[in-house]
file target18.cif (mmCIF, C-alpha atoms, pLDDT in the B column; chains and numbers go by the auth columns)
data_coords
loop_
_atom_site.group_PDB
_atom_site.id
_atom_site.type_symbol
_atom_site.label_atom_id
_atom_site.label_comp_id
_atom_site.label_asym_id
_atom_site.label_seq_id
_atom_site.Cartn_x
_atom_site.Cartn_y
_atom_site.Cartn_z
_atom_site.B_iso_or_equiv
_atom_site.auth_seq_id
_atom_site.auth_asym_id
ATOM 1 C CA GLN A 1 0.000 0.000 0.000 56.00 6 E
ATOM 2 C CA GLN A 2 3.006 2.242 0.323 64.00 7 E
ATOM 3 C CA GLN A 3 3.995 1.766 -3.294 86.00 8 E
ATOM 4 C CA VAL A 4 3.749 4.152 -6.174 92.00 9 E
ATOM 5 C CA LYS A 5 3.942 2.393 -9.529 94.00 10 E
ATOM 6 C CA GLN A 6 5.405 4.358 -12.421 95.00 11 E
ATOM 7 C CA SER A 7 5.522 3.674 -16.149 95.00 12 E
ATOM 8 C CA PRO A 8 7.115 3.583 -18.614 96.00 13 E
ATOM 9 C CA GLN A 9 10.640 2.875 -17.433 94.00 14 E
ATOM 10 C CA SER A 10 12.055 4.796 -20.386 96.00 15 E
ATOM 11 C CA LEU A 11 10.630 7.041 -23.074 97.00 16 E
ATOM 12 C CA ILE A 12 11.969 8.472 -26.301 98.00 17 E
ATOM 13 C CA VAL A 13 10.186 11.430 -27.833 98.00 18 E
ATOM 14 C CA GLN A 14 10.938 13.651 -30.779 98.00 19 E
ATOM 15 C CA LYS A 15 11.449 17.356 -30.188 97.00 20 E
ATOM 16 C CA GLY A 16 8.087 19.078 -30.156 97.00 21 E
ATOM 17 C CA GLY A 17 6.211 15.941 -29.187 97.00 22 E
ATOM 18 C CA ILE A 18 4.234 15.174 -26.050 98.00 23 E
ATOM 19 C CA SER A 19 5.816 13.115 -23.268 98.00 24 E
ATOM 20 C CA ILE A 20 3.428 11.239 -20.990 98.00 25 E
ATOM 21 C CA ILE A 21 4.426 9.467 -17.802 98.00 26 E
ATOM 22 C CA ASN A 22 1.934 7.610 -15.653 98.00 27 E
ATOM 23 C CA CYS A 23 1.744 6.710 -11.980 97.00 28 E
ATOM 24 C CA ALA A 24 -0.677 4.739 -9.844 96.00 29 E
ATOM 25 C CA TYR A 25 -1.057 4.347 -6.111 94.00 30 E
ATOM 26 C CA GLU A 26 -3.074 2.278 -3.666 89.00 31 E
ATOM 27 C CA ASN A 27 -3.006 4.141 -0.388 85.00 32 E
ATOM 28 C CA THR A 28 -5.929 6.555 -0.207 84.00 33 E
ATOM 29 C CA ALA A 29 -4.191 8.358 2.663 84.00 34 E
ATOM 30 C CA PHE A 30 -1.814 9.949 0.167 88.00 35 E
ATOM 31 C CA ASP A 31 -2.884 13.528 -0.403 86.00 36 E
ATOM 32 C CA TYR A 32 0.012 15.232 -2.083 89.00 37 E
ATOM 33 C CA PHE A 33 1.517 14.148 -5.403 93.00 38 E
ATOM 34 C CA PRO A 34 4.687 15.828 -6.664 93.00 39 E
ATOM 35 C CA TRP A 35 6.810 15.176 -9.690 96.00 40 E
ATOM 36 C CA TYR A 36 10.571 15.470 -9.416 96.00 41 E
ATOM 37 C CA GLN A 37 13.073 15.953 -12.228 97.00 42 E
ATOM 38 C CA GLN A 38 16.605 14.637 -11.967 96.00 43 E
ATOM 39 C CA PHE A 39 19.523 15.403 -14.270 96.00 44 E
ATOM 40 C CA PRO A 40 22.618 13.179 -14.278 92.00 45 E
ATOM 41 C CA GLY A 41 24.869 13.841 -11.315 90.00 46 E
ATOM 42 C CA LYS A 42 22.258 15.970 -9.571 93.00 47 E
ATOM 43 C CA GLY A 43 19.701 15.431 -6.891 94.00 48 E
ATOM 44 C CA PRO A 44 15.997 15.366 -7.739 95.00 49 E
ATOM 45 C CA ALA A 45 14.287 18.759 -7.866 95.00 50 E
ATOM 46 C CA LEU A 46 10.595 19.524 -7.530 93.00 51 E
ATOM 47 C CA LEU A 47 8.981 20.148 -10.909 95.00 52 E
ATOM 48 C CA ILE A 48 5.262 20.397 -10.242 94.00 53 E
ATOM 49 C CA ALA A 49 2.822 19.029 -7.678 93.00 54 E
ATOM 50 C CA ILE A 50 -0.901 18.508 -7.198 93.00 55 E
ATOM 51 C CA ARG A 51 -3.356 17.793 -4.411 89.00 56 E
ATOM 52 C CA PRO A 52 -6.321 15.466 -4.982 88.00 57 E
ATOM 53 C CA ASP A 53 -8.917 18.213 -4.742 89.00 58 E
ATOM 54 C CA VAL A 54 -8.115 19.280 -8.306 92.00 59 E
ATOM 55 C CA SER A 55 -8.043 17.203 -11.486 94.00 60 E
ATOM 56 C CA GLU A 56 -5.398 19.122 -13.370 96.00 61 E
ATOM 57 C CA LYS A 57 -2.572 21.535 -12.757 95.00 62 E
ATOM 58 C CA LYS A 58 -0.575 23.274 -15.429 96.00 63 E
ATOM 59 C CA GLU A 59 2.719 25.116 -15.176 95.00 64 E
ATOM 60 C CA GLY A 60 4.112 26.183 -18.499 96.00 65 E
ATOM 61 C CA ARG A 61 4.656 23.110 -20.657 97.00 66 E
ATOM 62 C CA PHE A 62 4.136 20.747 -17.728 97.00 67 E
ATOM 63 C CA THR A 63 0.702 19.447 -16.730 97.00 68 E
ATOM 64 C CA ILE A 64 -0.373 16.984 -14.066 96.00 69 E
ATOM 65 C CA SER A 65 -3.632 15.141 -14.642 96.00 70 E
ATOM 66 C CA PHE A 66 -5.142 13.514 -11.563 95.00 71 E
ATOM 67 C CA ASN A 67 -7.844 10.844 -11.452 94.00 72 E
ATOM 68 C CA LYS A 68 -8.816 10.317 -7.826 92.00 73 E
ATOM 69 C CA SER A 69 -11.293 7.508 -8.446 92.00 74 E
ATOM 70 C CA ALA A 70 -8.769 5.525 -10.462 94.00 75 E
ATOM 71 C CA LYS A 71 -5.935 6.470 -8.095 94.00 76 E
ATOM 72 C CA GLN A 72 -3.796 7.498 -11.020 96.00 77 E
ATOM 73 C CA PHE A 73 -1.940 10.620 -12.009 96.00 78 E
ATOM 74 C CA SER A 74 0.207 11.526 -14.954 97.00 79 E
ATOM 75 C CA LEU A 75 2.717 14.075 -16.138 98.00 80 E
ATOM 76 C CA HIS A 76 2.379 15.560 -19.598 98.00 81 E
ATOM 77 C CA ILE A 77 5.235 17.522 -21.137 98.00 82 E
ATOM 78 C CA MET A 78 4.021 19.498 -24.107 98.00 83 E
ATOM 79 C CA ASP A 79 6.377 20.601 -26.898 98.00 84 E
ATOM 80 C CA SER A 80 9.129 18.424 -25.425 98.00 85 E
ATOM 81 C CA GLN A 81 12.635 19.826 -25.770 97.00 86 E
ATOM 82 C CA PRO A 82 16.065 18.153 -25.660 97.00 87 E
ATOM 83 C CA GLY A 83 16.698 20.043 -22.411 97.00 88 E
ATOM 84 C CA ASP A 84 13.820 18.075 -20.866 97.00 89 E
ATOM 85 C CA SER A 85 15.879 14.895 -21.178 98.00 90 E
ATOM 86 C CA ALA A 86 16.156 13.696 -17.589 97.00 91 E
ATOM 87 C CA THR A 87 14.755 11.130 -15.200 96.00 92 E
ATOM 88 C CA TYR A 88 11.309 11.920 -13.844 97.00 93 E
ATOM 89 C CA PHE A 89 9.954 10.575 -10.579 96.00 94 E
ATOM 90 C CA CYS A 90 6.411 10.689 -9.392 96.00 95 E
ATOM 91 C CA ALA A 91 5.887 10.608 -5.660 94.00 96 E
ATOM 92 C CA ALA A 92 3.193 10.560 -3.039 92.00 97 E
ATOM 93 C CA ARG A 93 3.111 11.836 0.473 87.00 98 E
ATOM 94 C CA ARG A 94 0.854 11.522 3.454 79.00 99 E
ATOM 95 C CA MET A 95 0.141 14.837 5.082 71.00 100 E
ATOM 96 C CA ASP A 96 -1.137 13.445 8.348 68.00 101 E
ATOM 97 C CA SER A 97 1.098 11.935 11.013 55.00 102 E
ATOM 98 C CA SER A 98 3.549 10.497 8.509 59.00 103 E
ATOM 99 C CA TYR A 99 5.369 12.777 6.104 69.00 104 E
ATOM 100 C CA LYS A 100 7.169 10.145 4.105 75.00 105 E
ATOM 101 C CA LEU A 101 7.683 10.970 0.451 83.00 106 E
ATOM 102 C CA ILE A 102 7.342 7.697 -1.461 87.00 107 E
ATOM 103 C CA PHE A 103 8.853 7.732 -4.940 91.00 108 E
ATOM 104 C CA GLY A 104 7.991 5.826 -8.076 93.00 109 E
ATOM 105 C CA SER A 105 10.721 3.907 -9.862 92.00 110 E
ATOM 106 C CA GLY A 106 11.505 6.695 -12.327 94.00 111 E
ATOM 107 C CA THR A 107 11.204 7.267 -16.066 96.00 112 E
ATOM 108 C CA ARG A 108 14.219 8.090 -18.147 96.00 113 E
ATOM 109 C CA LEU A 109 13.116 10.543 -20.842 98.00 114 E
ATOM 110 C CA LEU A 110 15.158 11.220 -23.956 98.00 115 E
ATOM 111 C CA VAL A 111 14.002 13.962 -26.278 97.00 116 E
ATOM 112 C CA ARG A 112 15.624 13.677 -29.692 97.00 117 E
ATOM 113 C CA PRO A 113 16.412 16.881 -31.618 94.00 118 E
ATOM 114 C CA ASP B 1 21.746 29.927 0.114 61.00 6 G
ATOM 115 C CA ALA B 2 24.055 27.139 -1.035 80.00 7 G
ATOM 116 C CA GLY B 3 21.370 24.503 -0.798 93.00 8 G
ATOM 117 C CA VAL B 4 21.789 21.116 0.836 96.00 9 G
ATOM 118 C CA ILE B 5 25.471 20.243 0.969 97.00 10 G
ATOM 119 C CA GLN B 6 26.650 16.666 0.997 97.00 11 G
ATOM 120 C CA SER B 7 30.158 15.322 1.360 97.00 12 G
ATOM 121 C CA PRO B 8 32.003 13.578 -0.005 97.00 13 G
ATOM 122 C CA ARG B 9 30.628 13.580 -3.561 96.00 14 G
ATOM 123 C CA HIS B 10 32.289 10.262 -4.274 97.00 15 G
ATOM 124 C CA GLU B 11 33.527 7.587 -1.917 97.00 16 G
ATOM 125 C CA VAL B 12 35.270 4.357 -2.787 97.00 17 G
ATOM 126 C CA THR B 13 35.965 2.005 0.061 97.00 18 G
ATOM 127 C CA GLU B 14 36.829 -1.595 0.671 97.00 19 G
ATOM 128 C CA MET B 15 34.345 -4.082 2.008 97.00 20 G
ATOM 129 C CA GLY B 16 34.359 -4.128 5.787 97.00 21 G
ATOM 130 C CA GLN B 17 35.425 -0.538 6.196 97.00 22 G
ATOM 131 C CA GLU B 18 33.394 2.106 7.975 97.00 23 G
ATOM 132 C CA VAL B 19 31.872 4.807 5.785 98.00 24 G
ATOM 133 C CA THR B 20 30.476 8.135 6.985 98.00 25 G
ATOM 134 C CA LEU B 21 28.390 10.346 4.756 98.00 26 G
ATOM 135 C CA ARG B 22 27.730 13.931 5.751 98.00 27 G
ATOM 136 C CA CYS B 23 24.935 16.393 5.159 98.00 28 G
ATOM 137 C CA LYS B 24 24.390 20.046 5.895 97.00 29 G
ATOM 138 C CA PRO B 25 20.722 20.985 5.412 96.00 30 G
ATOM 139 C CA ILE B 26 19.527 24.382 4.289 95.00 31 G
ATOM 140 C CA SER B 27 19.698 26.839 7.145 93.00 32 G
ATOM 141 C CA GLY B 28 16.353 27.118 8.906 91.00 33 G
ATOM 142 C CA HIS B 29 15.059 23.782 7.671 91.00 34 G
ATOM 143 C CA ASN B 30 13.800 21.603 10.496 88.00 35 G
ATOM 144 C CA SER B 31 13.345 18.293 8.710 90.00 36 G
ATOM 145 C CA LEU B 32 16.023 16.158 7.136 93.00 37 G
ATOM 146 C CA PHE B 33 15.708 13.005 5.063 93.00 38 G
ATOM 147 C CA TRP B 34 18.242 10.396 3.935 96.00 39 G
ATOM 148 C CA TYR B 35 17.489 8.530 0.692 95.00 40 G
ATOM 149 C CA ARG B 36 19.334 5.793 -1.168 96.00 41 G
ATOM 150 C CA GLN B 37 19.110 5.510 -4.962 94.00 42 G
ATOM 151 C CA THR B 38 19.914 2.369 -6.924 92.00 43 G
ATOM 152 C CA MET B 39 18.924 1.165 -10.354 86.00 44 G
ATOM 153 C CA MET B 40 17.124 -1.817 -8.900 84.00 45 G
ATOM 154 C CA ARG B 41 15.210 -0.164 -6.072 85.00 46 G
ATOM 155 C CA GLY B 42 14.950 3.470 -7.131 88.00 47 G
ATOM 156 C CA LEU B 43 14.770 6.116 -4.402 91.00 48 G
ATOM 157 C CA GLU B 44 14.281 4.614 -0.963 91.00 49 G
ATOM 158 C CA LEU B 45 13.694 6.637 2.183 91.00 50 G
ATOM 159 C CA LEU B 46 16.092 5.416 4.867 95.00 51 G
ATOM 160 C CA ILE B 47 15.386 7.722 7.794 94.00 52 G
ATOM 161 C CA TYR B 48 14.083 11.186 8.560 91.00 53 G
ATOM 162 C CA PHE B 49 14.539 13.639 11.367 93.00 54 G
ATOM 163 C CA ASN B 50 12.417 16.490 12.632 90.00 55 G
ATOM 164 C CA ASN B 51 14.070 19.062 14.890 91.00 56 G
ATOM 165 C CA ASN B 52 17.104 16.761 15.139 93.00 57 G
ATOM 166 C CA VAL B 53 15.006 13.859 16.440 93.00 58 G
ATOM 167 C CA PRO B 54 14.705 10.655 14.388 93.00 59 G
ATOM 168 C CA ILE B 55 11.036 10.215 13.506 90.00 60 G
ATOM 169 C CA ASP B 56 11.057 7.107 11.345 88.00 61 G
ATOM 170 C CA ASP B 57 14.005 4.815 10.677 92.00 62 G
ATOM 171 C CA SER B 58 11.999 1.912 9.309 89.00 63 G
ATOM 172 C CA GLY B 59 13.745 2.253 5.964 90.00 64 G
ATOM 173 C CA MET B 60 17.213 1.641 7.377 94.00 65 G
ATOM 174 C CA PRO B 61 18.163 -1.681 5.800 88.00 66 G
ATOM 175 C CA GLU B 62 19.956 -3.253 8.755 87.00 67 G
ATOM 176 C CA ASP B 63 21.916 -2.592 11.901 92.00 68 G
ATOM 177 C CA ARG B 64 25.015 -1.780 9.910 96.00 69 G
ATOM 178 C CA PHE B 65 23.378 1.533 9.072 97.00 70 G
ATOM 179 C CA SER B 66 23.043 4.332 11.590 97.00 71 G
ATOM 180 C CA ALA B 67 22.222 8.016 11.331 97.00 72 G
ATOM 181 C CA LYS B 68 22.629 10.937 13.666 97.00 73 G
ATOM 182 C CA MET B 69 21.694 14.586 13.713 97.00 74 G
ATOM 183 C CA PRO B 70 23.600 16.194 16.574 96.00 75 G
ATOM 184 C CA ASN B 71 22.410 19.686 15.679 94.00 76 G
ATOM 185 C CA ALA B 72 20.219 21.521 13.204 93.00 77 G
ATOM 186 C CA SER B 73 23.006 22.043 10.700 94.00 78 G
ATOM 187 C CA PHE B 74 24.596 18.616 10.458 96.00 79 G
ATOM 188 C CA SER B 75 23.695 14.975 9.955 98.00 80 G
ATOM 189 C CA THR B 76 25.669 11.813 9.302 98.00 81 G
ATOM 190 C CA LEU B 77 24.823 8.446 7.834 98.00 82 G
ATOM 191 C CA LYS B 78 27.250 5.733 8.845 98.00 83 G
ATOM 192 C CA ILE B 79 27.686 2.249 7.442 97.00 84 G
ATOM 193 C CA GLN B 80 29.781 -0.146 9.493 97.00 85 G
ATOM 194 C CA PRO B 81 30.911 -2.556 8.153 96.00 86 G
ATOM 195 C CA SER B 82 30.254 -1.665 4.520 97.00 87 G
ATOM 196 C CA GLU B 83 29.370 -4.294 1.922 96.00 88 G
ATOM 197 C CA PRO B 84 29.392 -4.220 -1.895 97.00 89 G
ATOM 198 C CA ARG B 85 25.582 -4.231 -1.963 95.00 90 G
ATOM 199 C CA ASP B 86 25.638 -0.871 -0.171 96.00 91 G
ATOM 200 C CA SER B 87 26.988 0.707 -3.354 97.00 92 G
ATOM 201 C CA ALA B 88 24.500 3.400 -4.344 97.00 93 G
ATOM 202 C CA VAL B 89 23.964 7.132 -4.469 97.00 94 G
ATOM 203 C CA TYR B 90 22.904 8.482 -1.094 98.00 95 G
ATOM 204 C CA PHE B 91 20.887 11.687 -1.025 97.00 96 G
ATOM 205 C CA CYS B 92 20.119 14.013 1.804 97.00 97 G
ATOM 206 C CA ALA B 93 17.102 16.311 1.566 94.00 98 G
ATOM 207 C CA SER B 94 15.639 18.959 3.824 93.00 99 G
ATOM 208 C CA THR B 95 12.376 20.850 4.200 88.00 100 G
ATOM 209 C CA PRO B 96 11.536 23.919 6.267 83.00 101 G
ATOM 210 C CA GLU B 97 9.253 21.785 8.403 72.00 102 G
ATOM 211 C CA MET B 98 7.764 18.345 8.161 63.00 103 G
ATOM 212 C CA GLU B 99 4.476 19.663 6.891 66.00 104 G
ATOM 213 C CA ASN B 100 6.162 21.571 4.081 64.00 105 G
ATOM 214 C CA THR B 101 5.634 19.969 0.745 71.00 106 G
ATOM 215 C CA GLU B 102 8.875 20.582 -1.128 83.00 107 G
ATOM 216 C CA ALA B 103 11.976 18.541 -0.346 87.00 108 G
ATOM 217 C CA PHE B 104 15.284 20.118 -1.390 92.00 109 G
ATOM 218 C CA PHE B 105 17.869 17.517 -2.320 95.00 110 G
ATOM 219 C CA GLY B 106 21.630 17.653 -2.154 96.00 111 G
ATOM 220 C CA GLN B 107 23.758 16.469 -5.050 95.00 112 G
ATOM 221 C CA GLY B 108 24.292 13.092 -3.466 97.00 113 G
ATOM 222 C CA THR B 109 27.227 10.925 -2.474 98.00 114 G
ATOM 223 C CA ARG B 110 28.122 8.120 -4.845 97.00 115 G
ATOM 224 C CA LEU B 111 29.355 5.247 -2.716 98.00 116 G
ATOM 225 C CA THR B 112 31.241 2.330 -4.202 98.00 117 G
ATOM 226 C CA VAL B 113 32.185 -0.576 -1.959 97.00 118 G
ATOM 227 C CA VAL B 114 34.705 -2.923 -3.545 97.00 119 G
#

call {"tool": "encode", "arguments": {"input": "target18.cif", "output": "structure tokens"}}
result
Amino acid sequence: QQQVKQSPQSLIVQKGGISIINCAYENTAFDYFPWYQQFPGKGPALLIAIRPDVSEKKEGRFTISFNKSAKQFSLHIMDSQPGDSATYFCAARRMDSSYKLIFGSGTRLLVRP
Amino acid sequence: DAGVIQSPRHEVTEMGQEVTLRCKPISGHNSLFWYRQTMMRGLELLIYFNNNVPIDDSGMPEDRFSAKMPNASFSTLKIQPSEPRDSAVYFCASTPEMENTEAFFGQGTRLTVV
């Protein structure tokens, strides 16, 4: 119940295309869902996050879609650029007594020029 | 602010040796997290502290691992004795307070145990 399942493991997209990464969770106590971006040799950095009271959040080219009933959420990167090539992690966190941030397994995105 | 500072950036040690990883959280942050990243297991939470007190160490793999936070500006993760399967990148992260939603990660320590 603590797991967050992420797919695909890797993704190759042409420049200008849409990148879509999906995550699913079981624990309904999770109430905060961030996405982190990690470049080689760096630590993960927060990209965008959503709470389950909204179905979508958009920041620039990055959009999170959230389906509470299906317990799924996804990251969409519009007009993907080579600079977006990185590893993306979804995560989930309980905002009650436990503040653990549980990460998905990661998706390695390559955007070809 | 320099962000979360971890040292060393790289560590190569022989099996059986003691290894100490260090972390300086962002000034003013009250919560600190240690993560381990491997290809097989992804990012695993090992332990986290709030106001220098360990809150949850259920992710610490075994007794060979220990972590301390003697003050608000310093934490260590120690492995004694180290084993080849401990090879991974270890990240430290901090947040202003436990309830805060964004975790700021350091650049990590790449540990290789030969």

call {"tool": "interface_residues", "arguments": {"input": "target18.cif", "of": "chain G", "to": "chain E", "cutoff": "6 Å", "atoms": "all atoms listed in the file", "output": "number ranges by chain"}}
result
G: 47, 110-112

call {"tool": "closest_residue", "arguments": {"input": "target18.cif", "among": "E:Ala97, E:Leu16, E:Ala91, E:Cys28", "to": "Ser70 in chain E", "atoms": "all atoms listed in the file"}}
result
E:Cys28

call {"tool": "resolve_selection", "arguments": {"input": "target18.cif", "expression": "the PyMOL selection byres ((chain G and resi 9-26) around 9)", "output": "ChimeraX atom specification"}}
result
/G:6-8,27-32,80-89,94-99,109-119

call {"tool": "closest_residue", "arguments": {"input": "target18.cif", "among": "E:Gln43, E:Asp89, E:Val9, E:Lys73", "to": "Ile55 in chain E", "atoms": "only C-alpha atoms"}}
result
E:Lys73

call {"tool": "axis_aligned_box", "arguments": {"input": "target18.cif", "around": "range 70-83 of chain E", "padding_each_side": "4 Å", "output": "lines of an AutoDock Vina configuration file"}}
result
center_x = -3.0
center_y = 12.5
center_z = -16.0
size_x = 24.5
size_y = 22.0
size_z = 24.3

call {"tool": "atom_distance", "arguments": {"input": "target18.cif", "atom1": "CA of Met83 in chain E", "atom2": "CA of Ala108 in chain G"}}
result
25.1 Å

call {"tool": "atom_distance", "arguments": {"input": "target18.cif", "atom1": "CA of Pro13 in chain E", "atom2": "CA of Pro66 in chain G"}}
result
27.3 Å

call {"tool": "atom_distance", "arguments": {"input": "target18.cif", "atom1": "CA of Phe54 in chain G", "atom2": "CA of Leu37 in chain G"}}
result
5.1 Å

call {"tool": "decode", "arguments": {"input": "target18.cif", "residues": "range 19-38 of chain G", "atoms": "N, CA and C atoms", "output": "CSV table (one decimal), in the first residue's frame"}}
result
chain,number,residue,atom,x,y,z
G,19,GLU,N,36.8,-0.1,0.7
G,19,GLU,CA,36.8,-1.6,0.7
G,19,GLU,C,35.8,-2.2,1.6
G,20,MET,N,35.3,-3.3,1.2
G,20,MET,CA,34.3,-4.1,2.0
G,20,MET,C,34.9,-4.2,3.4
G,21,GLY,N,34.0,-4.0,4.4
G,21,GLY,CA,34.4,-4.1,5.8
G,21,GLY,C,34.8,-2.8,6.4
G,22,GLN,N,35.0,-1.8,5.6
G,22,GLN,CA,35.4,-0.5,6.2
G,22,GLN,C,34.2,0.3,6.6
G,23,GLU,N,34.5,1.2,7.5
G,23,GLU,CA,33.4,2.1,8.0
G,23,GLU,C,33.3,3.3,7.0
G,24,VAL,N,32.1,3.7,6.7
G,24,VAL,CA,31.9,4.8,5.8
G,24,VAL,C,31.0,5.8,6.5
G,25,THR,N,31.3,7.1,6.4
G,25,THR,CA,30.5,8.1,7.0
G,25,THR,C,30.2,9.2,5.9
G,26,LEU,N,28.9,9.4,5.7
G,26,LEU,CA,28.4,10.3,4.8
G,26,LEU,C,27.9,11.5,5.6
G,27,ARG,N,28.1,12.7,5.0
G,27,ARG,CA,27.7,13.9,5.8
G,27,ARG,C,26.7,14.8,5.0
G,28,CYS,N,26.0,15.5,5.8
G,28,CYS,CA,24.9,16.4,5.2
G,28,CYS,C,24.8,17.7,6.0
G,29,LYS,N,24.7,18.8,5.3
G,29,LYS,CA,24.4,20.0,5.9
G,29,LYS,C,23.1,20.5,5.3
G,30,PRO,N,22.0,20.5,6.0
G,30,PRO,CA,20.7,21.0,5.4
G,30,PRO,C,20.7,22.5,5.2
G,31,ILE,N,19.7,22.9,4.5
G,31,ILE,CA,19.5,24.4,4.3
G,31,ILE,C,19.2,25.0,5.6
G,32,SER,N,19.9,26.2,5.9
G,32,SER,CA,19.7,26.8,7.1
G,32,SER,C,18.2,27.2,7.4
G,33,GLY,N,17.7,26.8,8.6
G,33,GLY,CA,16.4,27.1,8.9
G,33,GLY,C,15.4,26.0,8.7
G,34,HIS,N,15.9,25.0,7.9
G,34,HIS,CA,15.1,23.8,7.7
G,34,HIS,C,15.1,22.9,8.9
G,35,ASN,N,13.9,22.4,9.3
G,35,ASN,CA,13.8,21.6,10.5
G,35,ASN,C,13.7,20.1,10.2
G,36,SER,N,13.5,19.7,9.0
G,36,SER,CA,13.3,18.3,8.7
G,36,SER,C,14.4,17.9,7.7
G,37,LEU,N,14.9,16.7,8.0
G,37,LEU,CA,16.0,16.2,7.1
G,37,LEU,C,15.8,14.7,6.8
G,38,PHE,N,16.0,14.3,5.6
G,38,PHE,CA,15.7,13.0,5.1
G,38,PHE,C,17.0,12.4,4.4
